[in-house]
Amino acid sequence: MKENVFDVLMYLFENYYMDDDNPVTPDRELVQQELSQAGFPTLEIDRAFLWMDGLANEPNPPDMQSERSLRLFSDREMERLDTSSRGFILFLEQMGVLSPASRELAIDRAMALENEDFDLDQLKWVILMVLINQPGEEAAYTWVEDLVSDNISNQLH
């Protein structure tokens, strides 16, 4: 089984964060045991929890952006985030779904993932994970969740 950090994060997100009936955060050790029993490698489990710690501990940058400012991507970011991913981030920001602070956090968390085949679908999930962890971003989360859900149902048909 070739699982990566993103697979572990998806498992956590689908089984713990998207469960509206269980808003309580489970014990980390129990979750790690469950992940191990599900077949995820220990190294990837540890990396996923580090990724989540980075999400929780990332200081929010000040939200002082001019309406005319433009986010320039570094060479490293452009290697990681293809044109469609960068365009999606810009689209969400222009629609008012992502604030400059949540945009930066989403880019930071996308850059922190180490899998080689990072794509737009994975970026959408990263953005969902960022938004669900940001107070006051419930409407933005719902909006992106609808986009992700629509994409999944379109792929099934």
# chains A, B, ... in the order shown; residues from 1 in each chain; ligands from 1

$ select_by_dssp --residues "region 3-155 of chain A" --states "alpha helix (DSSP H)" --output "PyMOL selection string"
chain A and resi 5-12+28-37+42-57+75-80+83-94+100-112+120-132+138-155

$ closest_residue --among "A:Ala56, A:Ala48, A:Val97, A:Met111" --to "Glu138 (chain A)" --atoms "only C-alpha atoms"
A:Val97

$ atom_distance --atom1 "CA of Val31 (chain A)" --atom2 "CA of Trp51 (chain A)"
15.1 Å

$ closest_residue --among "A:Phe49, A:Trp143, A:Phe6, A:Phe118" --to "Met78 (chain A)" --atoms "only C-alpha atoms"
A:Phe118

$ residues_around --residues "Arg71 (chain A)" --least-positions-apart "6" --cutoff "10 Å" --atoms "only C-alpha atoms" --output "PyMOL selection string"
chain A and resi 65+86+90+100+103-104

$ closest_residue --among "A:Glu3, A:Thr42, A:Val144, A:Glu29" --to "Glu114 (chain A)" --atoms "only C-alpha atoms"
A:Glu3

$ atom_distance --atom1 "CA of Leu70 (chain A)" --atom2 "CA of Thr83 (chain A)"
15.5 Å

$ residues_around --residues "Gln32 (chain A)" --least-positions-apart "2" --cutoff "12 Å" --atoms "only C-alpha atoms" --output "PyMOL selection string"
chain A and resi 8-9+11-12+26-30+34-49

$ closest_residue --among "A:Asp82, A:Asp117, A:Arg109, A:Met129" --to "Glu14 (chain A)" --atoms "only C-alpha atoms"
A:Met129

$ closest_residue --among "A:Ser85, A:Ser99, A:Asn15, A:Asn115" --to "Leu131 (chain A)" --atoms "only C-alpha atoms"
A:Ser99

$ closest_residue --among "A:Leu55, A:Leu50, A:Met10, A:Leu81" --to "Glu116 (chain A)" --atoms "only C-alpha atoms"
A:Leu81

$ atom_distance --atom1 "CA of Ala106 (chain A)" --atom2 "CA of Val130 (chain A)"
6.1 Å

$ residues_around --residues "Leu147 (chain A)" --least-positions-apart "6" --cutoff "12 Å" --atoms "only C-alpha atoms" --output "number ranges by chain"
A: 88, 92, 97, 120-121, 124-125, 127-128, 140-141, 153-154

$ write_last_selection --atoms "N, CA and C atoms" --output "PDB file, in the first residue's frame"
ATOM      1  N   PHE A  88      -7.436  28.881  -9.733  1.00  0.00           N
ATOM      2  CA  PHE A  88      -8.512  28.586  -8.788  1.00  0.00           C
ATOM      3  C   PHE A  88      -8.367  29.429  -7.528  1.00  0.00           C
ATOM      4  N   LEU A  92     -11.152  32.116  -6.279  1.00  0.00           N
ATOM      5  CA  LEU A  92     -11.762  32.126  -4.944  1.00  0.00           C
ATOM      6  C   LEU A  92     -11.540  33.450  -4.234  1.00  0.00           C
ATOM      7  N   VAL A  97     -14.309  34.397  -1.434  1.00  0.00           N
ATOM      8  CA  VAL A  97     -14.332  33.162  -0.657  1.00  0.00           C
ATOM      9  C   VAL A  97     -13.070  33.043   0.181  1.00  0.00           C
ATOM     10  N   LEU A 120      -5.145  20.112  -8.819  1.00  0.00           N
ATOM     11  CA  LEU A 120      -6.231  21.012  -8.446  1.00  0.00           C
ATOM     12  C   LEU A 120      -7.209  20.354  -7.473  1.00  0.00           C
ATOM     13  N   ASP A 121      -7.536  19.092  -7.683  1.00  0.00           N
ATOM     14  CA  ASP A 121      -8.466  18.426  -6.772  1.00  0.00           C
ATOM     15  C   ASP A 121      -7.903  18.370  -5.357  1.00  0.00           C
ATOM     16  N   LYS A 124      -8.181  21.775  -3.710  1.00  0.00           N
ATOM     17  CA  LYS A 124      -9.534  22.057  -3.215  1.00  0.00           C
ATOM     18  C   LYS A 124      -9.716  21.473  -1.813  1.00  0.00           C
ATOM     19  N   TRP A 125      -9.217  20.258  -1.597  1.00  0.00           N
ATOM     20  CA  TRP A 125      -9.324  19.640  -0.275  1.00  0.00           C
ATOM     21  C   TRP A 125      -8.469  20.379   0.746  1.00  0.00           C
ATOM     22  N   ILE A 127      -7.787  23.535   0.694  1.00  0.00           N
ATOM     23  CA  ILE A 127      -8.528  24.768   0.991  1.00  0.00           C
ATOM     24  C   ILE A 127      -9.679  24.468   1.954  1.00  0.00           C
ATOM     25  N   LEU A 128     -10.381  23.355   1.754  1.00  0.00           N
ATOM     26  CA  LEU A 128     -11.442  22.972   2.693  1.00  0.00           C
ATOM     27  C   LEU A 128     -10.883  22.788   4.093  1.00  0.00           C
ATOM     28  N   ALA A 140     -17.576  30.458   3.596  1.00  0.00           N
ATOM     29  CA  ALA A 140     -16.564  30.146   2.582  1.00  0.00           C
ATOM     30  C   ALA A 140     -16.346  28.642   2.498  1.00  0.00           C
ATOM     31  N   TYR A 141     -16.303  27.987   3.652  1.00  0.00           N
ATOM     32  CA  TYR A 141     -16.136  26.535   3.681  1.00  0.00           C
ATOM     33  C   TYR A 141     -17.280  25.859   2.919  1.00  0.00           C
ATOM     34  N   SER A 153     -19.413  14.433  -7.900  1.00  0.00           N
ATOM     35  CA  SER A 153     -20.550  13.828  -8.576  1.00  0.00           C
ATOM     36  C   SER A 153     -20.410  13.893 -10.083  1.00  0.00           C
ATOM     37  N   ASN A 154     -19.784  14.929 -10.618  1.00  0.00           N
ATOM     38  CA  ASN A 154     -19.551  15.006 -12.062  1.00  0.00           C
ATOM     39  C   ASN A 154     -18.588  13.919 -12.521  1.00  0.00           C
TER      40      ASN A 154
END
